[in-house]
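As structure tokens, the structure follows; a few thoughts come after it.
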Amino acid sequence: MSETSKPLAGPDLTQGCDLEEIPDGGTLLGHASGEAVLLVRQGGEVFAVAATCTHYGGPLAEGIVQDGQVRCPWHHARFDVRTGEAVGPPALNPLRCRAVERQGSRIVVGKALPPPPPRSSRSGVESVVIVGAGAAGNAAAETLRREGYAGPVTMIGAEPGVPVDRPNLSKDYLAGTSPEEWIPLRDAAFYAQQRIELLPGTRATSLDPRARRVVLSDGTSRSYGALLLATGADAVRLPIPGGDGPRVHTLRSLADCRGIIAHATGAARAVVVGASFIGLEVAAALRTRGLEVHVVAPEARPLERILGPELGDFVQALHGEHGVRFHLRHTPATIGDRSVTLDDGTVLPADLVVVGVGVRPAVALAEQAGLRLDRGVLVDEYLETSAPGVYAAGDIARWPDPHTGRPIRIEHWVVAERQGQVAARNILGARERFRAVPFFWSQHYDVSVNYVGHAEAWDRLEVAGSVARRDCLVAYRVAGRIVAVASIHRDEDSLRAEVHLEHDDQAGLEALLAGARGEGTSGRASGPA
Ligand SMILES: Cc1cc2nc3c(=O)[nH]c(=O)nc-3n(C[C@H](O)[C@H](O)[C@H](O)COP(=O)(O)OP(=O)(O)OC[C@H]3O[C@@H](n4cnc5c(N)ncnc54)[C@H](O)[C@@H]3O)c2cc1C
Ligand code: FES
């Protein structure tokens, strides 16, 4: 997946290039001292940063520059072009910056620069406790330190070990095509060095917001100045005979994933229940492992409720081409030791069963603490719950979304991380509203579907480009307005759609669609708001 193995492209920037070769507000890809380097021009200023995204190695030259940040085309990470800082997840690590010298109209790239000095925070918060060591919790802990918070930070995590790259658990890692080293977000030494006390294998069992104290499963308790609830979600199990059998798996944690891999190793057939993103990604991964895979789901088309019929048919056909067999409009009635019996009596042999039928937000602690709930934990625009000093982020949080004008709760990796960051800054007193436009991606074999915005329902769906040729934008409209855009192989357009949605720039979105329809206005020319 990474671009790092590609040969270096563009000019040797240590020899210099002309300022006019770099479009204002744009980029020029070159290299310096054996490393791919991206020059970014902002008026008369030019910055040089490493050209490879620190998340999974995406090609930043194919991204966009917006508000002094370069955005990665693959999963929309953002980096500050002045400092290289990874300001927007999913990237965690900064880009290396290089010195840039002006020699008349020539731009010459020099040595790698040292990282910027650490910030310092004057926050009076005595201590921060984070419950949940996942996407949101980890992002919050790292942000507290990046913002210069020097007080105690404790992260309590029910799973053993360090926080993991959860999206990979249904993709390359499950398929056996990525090594175990890709899975931890950080190693234990990182948390020690950052003075983040990580308590793995420990649950928070009760929370008293008035006393500002949380009780842990090891019998100890912690007081806190501020607390972040980031407990994520639990996979739903099937309430049918055999639904809790030893060969029936759900997939949320690394342990779940290892359990599936153990049963898949040497197995011949798998049944996946649920044609959700996770169910289908699991189907793809198990096909890559050579298993015969049957997908059972009650709907007529996979993913139709979220992506619409065109993309639903496409994704189904794609899996069909890879040998996945679908049993749609059916549900499993019982699960036996080596088989699944469907509601019409069909018996599917199965050495293992993976159930991907959705998740429930893990709100037990919030409920016990008396926080306001509504199909999740209700937070305000600063991500603070109904209890002062208690914040919530990630899959459990329902926040007032300024773009849809309604409280929404979303189960996306990048949203959870961005909320963790904003919650951390607000804990330190920033009073920053959470305004990010939701983004997620889903990988099926060599096709990634990117999605920006949020459309729980829509009254018109429009395909621009060709789904069959794997080159399209799909716009979801409510009362004529575009509220979300899905894309295949139009990564730059997906980034621009994100920017247009951030600015509620409907004209920009319409121009992007026109470009994808081939009406002469390309996505690039339409430009962000
Ligand atoms: C297999 C898989 C693949 C996915 N792929 C994608 C993808 O491709 N794109 C995308 O956008 N999203 C994807 N997602 C969704 C994404 O991973 C979640 O939206 C994200 O992890 C939510 O982050 P979170 O911090 O809210 O919760 P989590 O990351 O789940 O972290 C919550 C943590 O809190 C712990 N916890 C719960 N209760 C307690 C307690 N009482 N005490 C202590 N710890 C507790 C949990 O054990 C867990 O470790 C995927 C999810 C899964 C499971
Ligand atoms: S590779 Fe850049 S965000 Fe994932």
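In the structure tokens, the first chain shown is A, the next is B, and so on; residue numbers restart at 1 for each chain, and ligands run from 1 in the order shown.
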Would you give me, as JSON lines, each residue of chain A having an atom within 6 Å of an atom of ligand 2, along with its shortest atom pair and that distance in Å to one decimal, using only C-alpha atoms and all ligand atoms and sorting by chain and residue number?
{"residue": "A:Cys53", "atom": "CA", "partner": "ligand 2", "partner_atom_place_in_ligand_line": "2 (Fe)", "distance": 4.6}
{"residue": "A:His55", "atom": "CA", "partner": "ligand 2", "partner_atom_place_in_ligand_line": "1 (S)", "distance": 4.6}
{"residue": "A:Tyr56", "atom": "CA", "partner": "ligand 2", "partner_atom_place_in_ligand_line": "1 (S)", "distance": 3.9}
{"residue": "A:Gly57", "atom": "CA", "partner": "ligand 2", "partner_atom_place_in_ligand_line": "1 (S)", "distance": 4.8}
{"residue": "A:Gly58", "atom": "CA", "partner": "ligand 2", "partner_atom_place_in_ligand_line": "1 (S)", "distance": 3.8}
{"residue": "A:Cys72", "atom": "CA", "partner": "ligand 2", "partner_atom_place_in_ligand_line": "2 (Fe)", "distance": 4.6}
{"residue": "A:Trp74", "atom": "CA", "partner": "ligand 2", "partner_atom_place_in_ligand_line": "4 (Fe)", "distance": 5.0}
{"residue": "A:His75", "atom": "CA", "partner": "ligand 2", "partner_atom_place_in_ligand_line": "3 (S)", "distance": 3.7}
{"residue": "A:His76", "atom": "CA", "partner": "ligand 2", "partner_atom_place_in_ligand_line": "3 (S)", "distance": 4.9}
{"residue": "A:Ala77", "atom": "CA", "partner": "ligand 2", "partner_atom_place_in_ligand_line": "3 (S)", "distance": 4.2}
{"residue": "A:Pro90", "atom": "CA", "partner": "ligand 2", "partner_atom_place_in_ligand_line": "3 (S)", "distance": 5.5}
{"residue": "A:Ala91", "atom": "CA", "partner": "ligand 2", "partner_atom_place_in_ligand_line": "3 (S)", "distance": 5.8}
Counting only C-alpha atoms and all ligand atoms, give me one row per residue of chain A with an atom at most 7 Å from an atom of ligand 1, showing the shortest contact pair and its distance in Å to one decimal, sorted by chain then residue number, as CSV.
residue,atom,partner,partner_atom_place_in_ligand_line,distance
A:Val131,CA,ligand 1,43 (C),5.0
A:Gly132,CA,ligand 1,34 (O),3.2
A:Ala133,CA,ligand 1,33 (C),4.8
A:Gly134,CA,ligand 1,31 (O),3.2
A:Ala135,CA,ligand 1,25 (O),3.8
A:Ala136,CA,ligand 1,25 (O),3.7
A:Gly137,CA,ligand 1,25 (O),5.5
A:Ile156,CA,ligand 1,43 (C),5.0
A:Gly157,CA,ligand 1,44 (N),3.8
A:Ala158,CA,ligand 1,44 (N),3.9
A:Glu159,CA,ligand 1,47 (O),4.8
A:Pro163,CA,ligand 1,49 (O),6.9
A:Arg166,CA,ligand 1,17 (O),4.9
A:Pro167,CA,ligand 1,5 (N),3.4
A:Asn168,CA,ligand 1,3 (C),6.2
A:Leu169,CA,ligand 1,1 (C),4.7
A:Ser170,CA,ligand 1,1 (C),4.4
A:Thr202,CA,ligand 1,43 (C),5.9
A:Arg203,CA,ligand 1,42 (N),3.4
A:Ala204,CA,ligand 1,42 (N),3.9
A:Thr205,CA,ligand 1,41 (N),5.7
A:Ala230,CA,ligand 1,25 (O),5.2
A:Thr231,CA,ligand 1,34 (O),3.6
A:Gly232,CA,ligand 1,27 (O),3.2
A:Ala233,CA,ligand 1,30 (O),5.5
A:Leu251,CA,ligand 1,1 (C),5.5
A:Arg252,CA,ligand 1,53 (C),3.8
A:Ser253,CA,ligand 1,53 (C),6.6
A:Ile278,CA,ligand 1,3 (C),5.8
A:Ala362,CA,ligand 1,38 (N),6.1
A:Leu365,CA,ligand 1,41 (N),6.1
A:Ala393,CA,ligand 1,26 (O),6.2
A:Gly394,CA,ligand 1,26 (O),3.3
A:Asp395,CA,ligand 1,26 (O),3.8
A:Ile396,CA,ligand 1,26 (O),6.0
A:Glu411,CA,ligand 1,19 (O),3.8
A:His412,CA,ligand 1,11 (O),3.5
A:Trp413,CA,ligand 1,16 (C),3.9
A:Val414,CA,ligand 1,11 (O),5.7
A:Ala416,CA,ligand 1,23 (O),4.8
A:Glu417,CA,ligand 1,25 (O),6.9
A:Phe439,CA,ligand 1,11 (O),6.7
A:Phe440,CA,ligand 1,11 (O),3.9
A:Trp441,CA,ligand 1,9 (N),4.8
A:Ser442,CA,ligand 1,8 (O),4.5
A:Gln443,CA,ligand 1,8 (O),6.7
Since we have the selection now, will you write its residues out, keeping N, CA and C atoms, as a compact mmCIF listing (two decimals), in the first residue's frame?
# COMPACT_ATOMS: atom_id res chain seq x y z
N VAL A 131 -11.02 7.18 30.02
CA VAL A 131 -11.57 5.82 30.12
C VAL A 131 -11.79 5.30 28.71
N GLY A 132 -10.99 4.30 28.33
CA GLY A 132 -11.06 3.75 26.97
C GLY A 132 -9.78 4.07 26.23
N ALA A 133 -9.03 3.02 25.89
CA ALA A 133 -7.74 3.22 25.19
C ALA A 133 -7.89 2.80 23.74
N GLY A 134 -8.78 3.50 23.04
CA GLY A 134 -8.98 3.24 21.62
C GLY A 134 -8.63 4.47 20.81
N ALA A 135 -9.34 4.66 19.71
CA ALA A 135 -9.04 5.78 18.80
C ALA A 135 -9.14 7.12 19.52
N ALA A 136 -10.29 7.37 20.16
CA ALA A 136 -10.51 8.68 20.79
C ALA A 136 -9.61 8.86 22.00
N GLY A 137 -9.53 7.82 22.82
CA GLY A 137 -8.72 7.92 24.05
C GLY A 137 -7.26 8.18 23.73
N ILE A 156 -7.19 4.38 30.90
CA ILE A 156 -7.65 3.08 31.40
C ILE A 156 -8.23 2.31 30.22
N GLY A 157 -7.70 1.13 29.96
CA GLY A 157 -8.15 0.39 28.78
C GLY A 157 -8.52 -1.04 29.12
N ALA A 158 -9.74 -1.44 28.77
CA ALA A 158 -10.19 -2.79 29.09
C ALA A 158 -9.42 -3.86 28.31
N GLU A 159 -8.95 -3.50 27.10
CA GLU A 159 -8.22 -4.49 26.31
C GLU A 159 -6.80 -4.63 26.85
N PRO A 163 -3.08 0.56 22.68
CA PRO A 163 -4.16 0.79 21.70
C PRO A 163 -3.76 0.30 20.30
N ARG A 166 -7.51 -0.27 14.89
CA ARG A 166 -8.69 -1.14 14.79
C ARG A 166 -9.13 -1.36 13.33
N PRO A 167 -9.14 -0.33 12.47
CA PRO A 167 -9.60 -0.59 11.09
C PRO A 167 -8.82 -1.69 10.38
N ASN A 168 -7.57 -1.85 10.74
CA ASN A 168 -6.75 -2.87 10.09
C ASN A 168 -7.19 -4.29 10.47
N LEU A 169 -7.95 -4.41 11.56
CA LEU A 169 -8.32 -5.75 12.04
C LEU A 169 -9.27 -6.46 11.09
N SER A 170 -9.97 -5.70 10.24
CA SER A 170 -10.86 -6.37 9.27
C SER A 170 -10.27 -6.31 7.86
N THR A 202 -7.71 -3.23 32.25
CA THR A 202 -8.38 -2.67 33.44
C THR A 202 -9.66 -1.98 32.99
N ARG A 203 -10.74 -2.21 33.71
CA ARG A 203 -12.00 -1.53 33.37
C ARG A 203 -12.32 -0.47 34.42
N ALA A 204 -12.92 0.60 33.98
CA ALA A 204 -13.52 1.54 34.93
C ALA A 204 -14.89 0.98 35.25
N THR A 205 -15.16 0.73 36.53
CA THR A 205 -16.42 0.04 36.87
C THR A 205 -17.48 0.99 37.40
N ALA A 230 -14.34 7.46 26.62
CA ALA A 230 -14.11 7.06 25.22
C ALA A 230 -14.18 5.53 25.15
N THR A 231 -15.33 5.01 25.58
CA THR A 231 -15.47 3.57 25.75
C THR A 231 -15.91 2.85 24.48
N GLY A 232 -16.15 3.59 23.40
CA GLY A 232 -16.39 2.94 22.11
C GLY A 232 -17.70 2.19 22.05
N ALA A 233 -17.68 1.05 21.42
CA ALA A 233 -18.91 0.29 21.19
C ALA A 233 -18.62 -1.20 21.32
N LEU A 251 -16.14 -9.13 15.79
CA LEU A 251 -14.81 -8.54 15.57
C LEU A 251 -14.79 -7.11 16.06
N ARG A 252 -14.12 -6.91 17.18
CA ARG A 252 -13.92 -5.55 17.68
C ARG A 252 -12.46 -5.35 18.11
N SER A 253 -11.92 -6.38 18.76
CA SER A 253 -10.60 -6.21 19.38
C SER A 253 -9.55 -7.06 18.65
N ILE A 278 -18.02 -4.03 7.98
CA ILE A 278 -17.10 -4.97 8.64
C ILE A 278 -17.33 -6.38 8.11
N ALA A 362 -21.01 1.73 24.05
CA ALA A 362 -20.73 1.19 25.39
C ALA A 362 -21.00 2.27 26.43
N LEU A 365 -21.11 2.77 31.77
CA LEU A 365 -20.48 3.62 32.79
C LEU A 365 -21.16 4.99 32.84
N ALA A 393 -16.16 11.22 23.74
CA ALA A 393 -15.71 11.27 22.35
C ALA A 393 -15.77 9.89 21.73
N GLY A 394 -15.89 9.87 20.41
CA GLY A 394 -15.84 8.60 19.68
C GLY A 394 -17.21 7.98 19.52
N ASP A 395 -17.22 6.66 19.40
CA ASP A 395 -18.45 5.94 19.07
C ASP A 395 -19.59 6.17 20.07
N ILE A 396 -19.27 6.56 21.31
CA ILE A 396 -20.36 6.74 22.29
C ILE A 396 -21.00 8.12 22.22
N GLU A 411 -19.86 6.16 13.89
CA GLU A 411 -18.85 5.13 14.23
C GLU A 411 -17.75 5.12 13.17
N HIS A 412 -16.95 6.19 13.15
CA HIS A 412 -15.82 6.26 12.20
C HIS A 412 -14.53 6.49 12.98
N TRP A 413 -13.47 5.87 12.50
CA TRP A 413 -12.16 5.96 13.14
C TRP A 413 -11.66 7.42 13.22
N VAL A 414 -11.71 8.11 12.09
CA VAL A 414 -11.15 9.46 12.05
C VAL A 414 -11.99 10.43 12.89
N ALA A 416 -13.62 9.66 15.60
CA ALA A 416 -13.26 9.38 17.01
C ALA A 416 -11.94 10.06 17.37
N GLU A 417 -10.96 9.95 16.48
CA GLU A 417 -9.66 10.56 16.79
C GLU A 417 -9.77 12.09 16.82
N PHE A 439 -15.74 11.67 8.06
CA PHE A 439 -15.09 10.97 6.94
C PHE A 439 -14.90 9.51 7.33
N PHE A 440 -15.15 8.59 6.41
CA PHE A 440 -14.70 7.21 6.62
C PHE A 440 -14.29 6.59 5.30
N TRP A 441 -13.53 5.53 5.41
CA TRP A 441 -13.16 4.76 4.23
C TRP A 441 -13.44 3.29 4.51
N SER A 442 -13.65 2.55 3.45
CA SER A 442 -13.81 1.11 3.59
C SER A 442 -13.11 0.45 2.40
N GLN A 443 -12.36 -0.62 2.70
CA GLN A 443 -11.51 -1.23 1.68
C GLN A 443 -12.08 -2.59 1.26
**Request:** Using only C-alpha atoms, determine which residues lie at most 10 Å from Tyr191 in chain A, disregarding the query and same-chain residues fewer than 4 positions distant; provide the list as a PyMOL selection string.
**Result:** chain A and resi 138+141-142+155+162+186-187+195-198
* To do: Identify, on the basis of only C-alpha atoms, every residue whose closest approach to Arg96 in chain A does not exceed 10 Å; exclude the query and any residue fewer than 5 positions from it along the same chain; express the result as a PyMOL selection string.
  => chain A and resi 37+48-52+54+81+83-85+112-115
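Across A:Ala211, A:Ala455, A:Leu38, A:Ala497, the tightest approach to Arg477 in chain A is made by A:Ala455 when counting only C-alpha atoms.
Minimum atom-to-atom distance to His500 in chain A, evaluated using only C-alpha atoms, belongs to A:Val437 out of A:Val449, A:Val437, A:Ile240, A:Leu461.
Every protein or nucleic acid residue with an atom no more than 10 Å from Pro152 in chain A, counting only C-alpha atoms and leaving out same-chain residues fewer than 4 positions away, appears here: Val125, Glu126, Ser127, Val128, Val129, Arg195, Ile196, Glu197, Tyr224 and Gly225 of chain A.
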Same residues, N, CA, C and O atoms, saved as a PDB file, in the first residue's frame:
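In the end it all went to part-v3.pdb:
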ATOM      1  N   VAL A 125      -5.906  22.311  35.133  1.00  0.00           N
ATOM      2  CA  VAL A 125      -6.516  21.000  35.405  1.00  0.00           C
ATOM      3  C   VAL A 125      -5.510  20.127  36.161  1.00  0.00           C
ATOM      4  O   VAL A 125      -4.381  19.940  35.718  1.00  0.00           O
ATOM      5  N   GLU A 126      -5.960  19.610  37.317  1.00  0.00           N
ATOM      6  CA  GLU A 126      -5.035  18.862  38.187  1.00  0.00           C
ATOM      7  C   GLU A 126      -4.557  17.558  37.572  1.00  0.00           C
ATOM      8  O   GLU A 126      -3.393  17.193  37.668  1.00  0.00           O
ATOM      9  N   SER A 127      -5.499  16.845  36.968  1.00  0.00           N
ATOM     10  CA  SER A 127      -5.144  15.550  36.374  1.00  0.00           C
ATOM     11  C   SER A 127      -6.236  15.181  35.385  1.00  0.00           C
ATOM     12  O   SER A 127      -7.368  15.662  35.492  1.00  0.00           O
ATOM     13  N   VAL A 128      -5.876  14.333  34.420  1.00  0.00           N
ATOM     14  CA  VAL A 128      -6.868  13.892  33.427  1.00  0.00           C
ATOM     15  C   VAL A 128      -6.901  12.366  33.429  1.00  0.00           C
ATOM     16  O   VAL A 128      -5.848  11.712  33.360  1.00  0.00           O
ATOM     17  N   VAL A 129      -8.112  11.833  33.507  1.00  0.00           N
ATOM     18  CA  VAL A 129      -8.301  10.384  33.376  1.00  0.00           C
ATOM     19  C   VAL A 129      -9.086  10.142  32.088  1.00  0.00           C
ATOM     20  O   VAL A 129     -10.086  10.813  31.815  1.00  0.00           O
ATOM     21  N   ARG A 195       4.886  10.076  29.609  1.00  0.00           N
ATOM     22  CA  ARG A 195       4.302  10.079  30.962  1.00  0.00           C
ATOM     23  C   ARG A 195       2.779   9.951  30.906  1.00  0.00           C
ATOM     24  O   ARG A 195       2.051  10.629  31.598  1.00  0.00           O
ATOM     25  N   ILE A 196       2.355   9.063  30.027  1.00  0.00           N
ATOM     26  CA  ILE A 196       0.929   8.704  29.985  1.00  0.00           C
ATOM     27  C   ILE A 196       0.823   7.350  30.679  1.00  0.00           C
ATOM     28  O   ILE A 196       1.397   6.360  30.203  1.00  0.00           O
ATOM     29  N   GLU A 197       0.136   7.351  31.824  1.00  0.00           N
ATOM     30  CA  GLU A 197       0.017   6.093  32.558  1.00  0.00           C
ATOM     31  C   GLU A 197      -1.060   5.255  31.877  1.00  0.00           C
ATOM     32  O   GLU A 197      -2.236   5.602  31.902  1.00  0.00           O
ATOM     33  N   TYR A 224      -9.881  12.746  39.607  1.00  0.00           N
ATOM     34  CA  TYR A 224      -9.488  13.439  38.370  1.00  0.00           C
ATOM     35  C   TYR A 224      -9.938  14.889  38.414  1.00  0.00           C
ATOM     36  O   TYR A 224     -10.917  15.236  39.093  1.00  0.00           O
ATOM     37  N   GLY A 225      -9.243  15.711  37.664  1.00  0.00           N
ATOM     38  CA  GLY A 225      -9.693  17.080  37.450  1.00  0.00           C
ATOM     39  C   GLY A 225     -10.661  17.126  36.286  1.00  0.00           C
ATOM     40  O   GLY A 225     -11.655  17.848  36.296  1.00  0.00           O
TER      41      GLY A 225
END
**OP:** Name the residues in contact with Leu207 in chain A at a cut-off of 8 Å, using only C-alpha atoms, excluding same-chain residues fewer than 2 positions from it; report them as JSON, numbers by chain.
**Re:** {"A": [204, 205, 209, 212, 213, 214, 215, 365, 366, 368, 369]}
Find the residues around Gly518 in chain A up to 9 Å (only C-alpha atoms counted), leave out those fewer than 4 positions away in its own chain, and share them as a list in words.
Ala464, Gly465, Leu513, Ala514 and Ser522 of chain A
Export of prior selection with all heavy atoms as an mmCIF file, in the first residue's frame:
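Below you can see selection04.cif, which holds the result:
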data_model
loop_
_atom_site.group_PDB
_atom_site.id
_atom_site.type_symbol
_atom_site.label_atom_id
_atom_site.label_comp_id
_atom_site.auth_asym_id
_atom_site.auth_seq_id
_atom_site.Cartn_x
_atom_site.Cartn_y
_atom_site.Cartn_z
ATOM 1 N N ALA A 464 -22.199 10.603 -10.422
ATOM 2 C CA ALA A 464 -21.460 11.364 -11.451
ATOM 3 C C ALA A 464 -20.219 10.557 -11.787
ATOM 4 O O ALA A 464 -19.447 10.204 -10.906
ATOM 5 C CB ALA A 464 -21.077 12.736 -10.908
ATOM 6 N N GLY A 465 -20.053 10.258 -13.079
ATOM 7 C CA GLY A 465 -18.973 9.362 -13.472
ATOM 8 C C GLY A 465 -19.533 7.961 -13.624
ATOM 9 O O GLY A 465 -20.740 7.784 -13.806
ATOM 10 N N LEU A 513 -19.220 17.679 -8.991
ATOM 11 C CA LEU A 513 -20.050 16.665 -9.655
ATOM 12 C C LEU A 513 -19.996 16.849 -11.165
ATOM 13 O O LEU A 513 -19.890 15.880 -11.924
ATOM 14 C CB LEU A 513 -21.496 16.782 -9.195
ATOM 15 C CG LEU A 513 -21.838 16.280 -7.802
ATOM 16 C CD1 LEU A 513 -23.339 16.298 -7.607
ATOM 17 C CD2 LEU A 513 -21.318 14.870 -7.593
ATOM 18 N N ALA A 514 -20.076 18.120 -11.594
ATOM 19 C CA ALA A 514 -20.020 18.396 -13.035
ATOM 20 C C ALA A 514 -18.700 17.879 -13.603
ATOM 21 O O ALA A 514 -18.659 17.274 -14.681
ATOM 22 C CB ALA A 514 -20.174 19.894 -13.283
ATOM 23 N N SER A 522 -13.331 20.460 -14.101
ATOM 24 C CA SER A 522 -12.707 19.374 -13.364
ATOM 25 C C SER A 522 -12.725 19.708 -11.896
ATOM 26 O O SER A 522 -12.818 20.859 -11.492
ATOM 27 C CB SER A 522 -11.272 19.173 -13.802
ATOM 28 O OG SER A 522 -10.462 20.127 -13.178
#
Of A:Val379, A:Leu311, A:Leu495, A:Ile482, the one nearest to His403 in chain A when counting only C-alpha atoms is A:Ile482
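Picture a line from CA of Glu147 in chain A to CA of Pro89 in chain A; it runs 15.6 Å.
The space separating CA of Asp446 in chain A from CA of Trp458 in chain A comes to 28.0 Å.
Proximity to Ile261 in chain A was assessed for A:Gly176, A:Pro361, A:Gly279, A:Pro298 counting only C-alpha atoms; the smallest distance is recorded for A:Gly176.
For the set A:Gly356, A:Glu180, A:Ala436, A:Asp208, the residue with the smallest atom-to-atom gap to Pro388 in chain A is A:Asp208, counting only C-alpha atoms.
Nearest to Leu348 in chain A of all the residues A:Val272, A:Ala424, A:Leu216, A:Leu383 is A:Val272, counting only C-alpha atoms.
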Taken to one decimal, the CA of His294 in chain A-CA of Arg269 in chain A distance is 7.9 Å
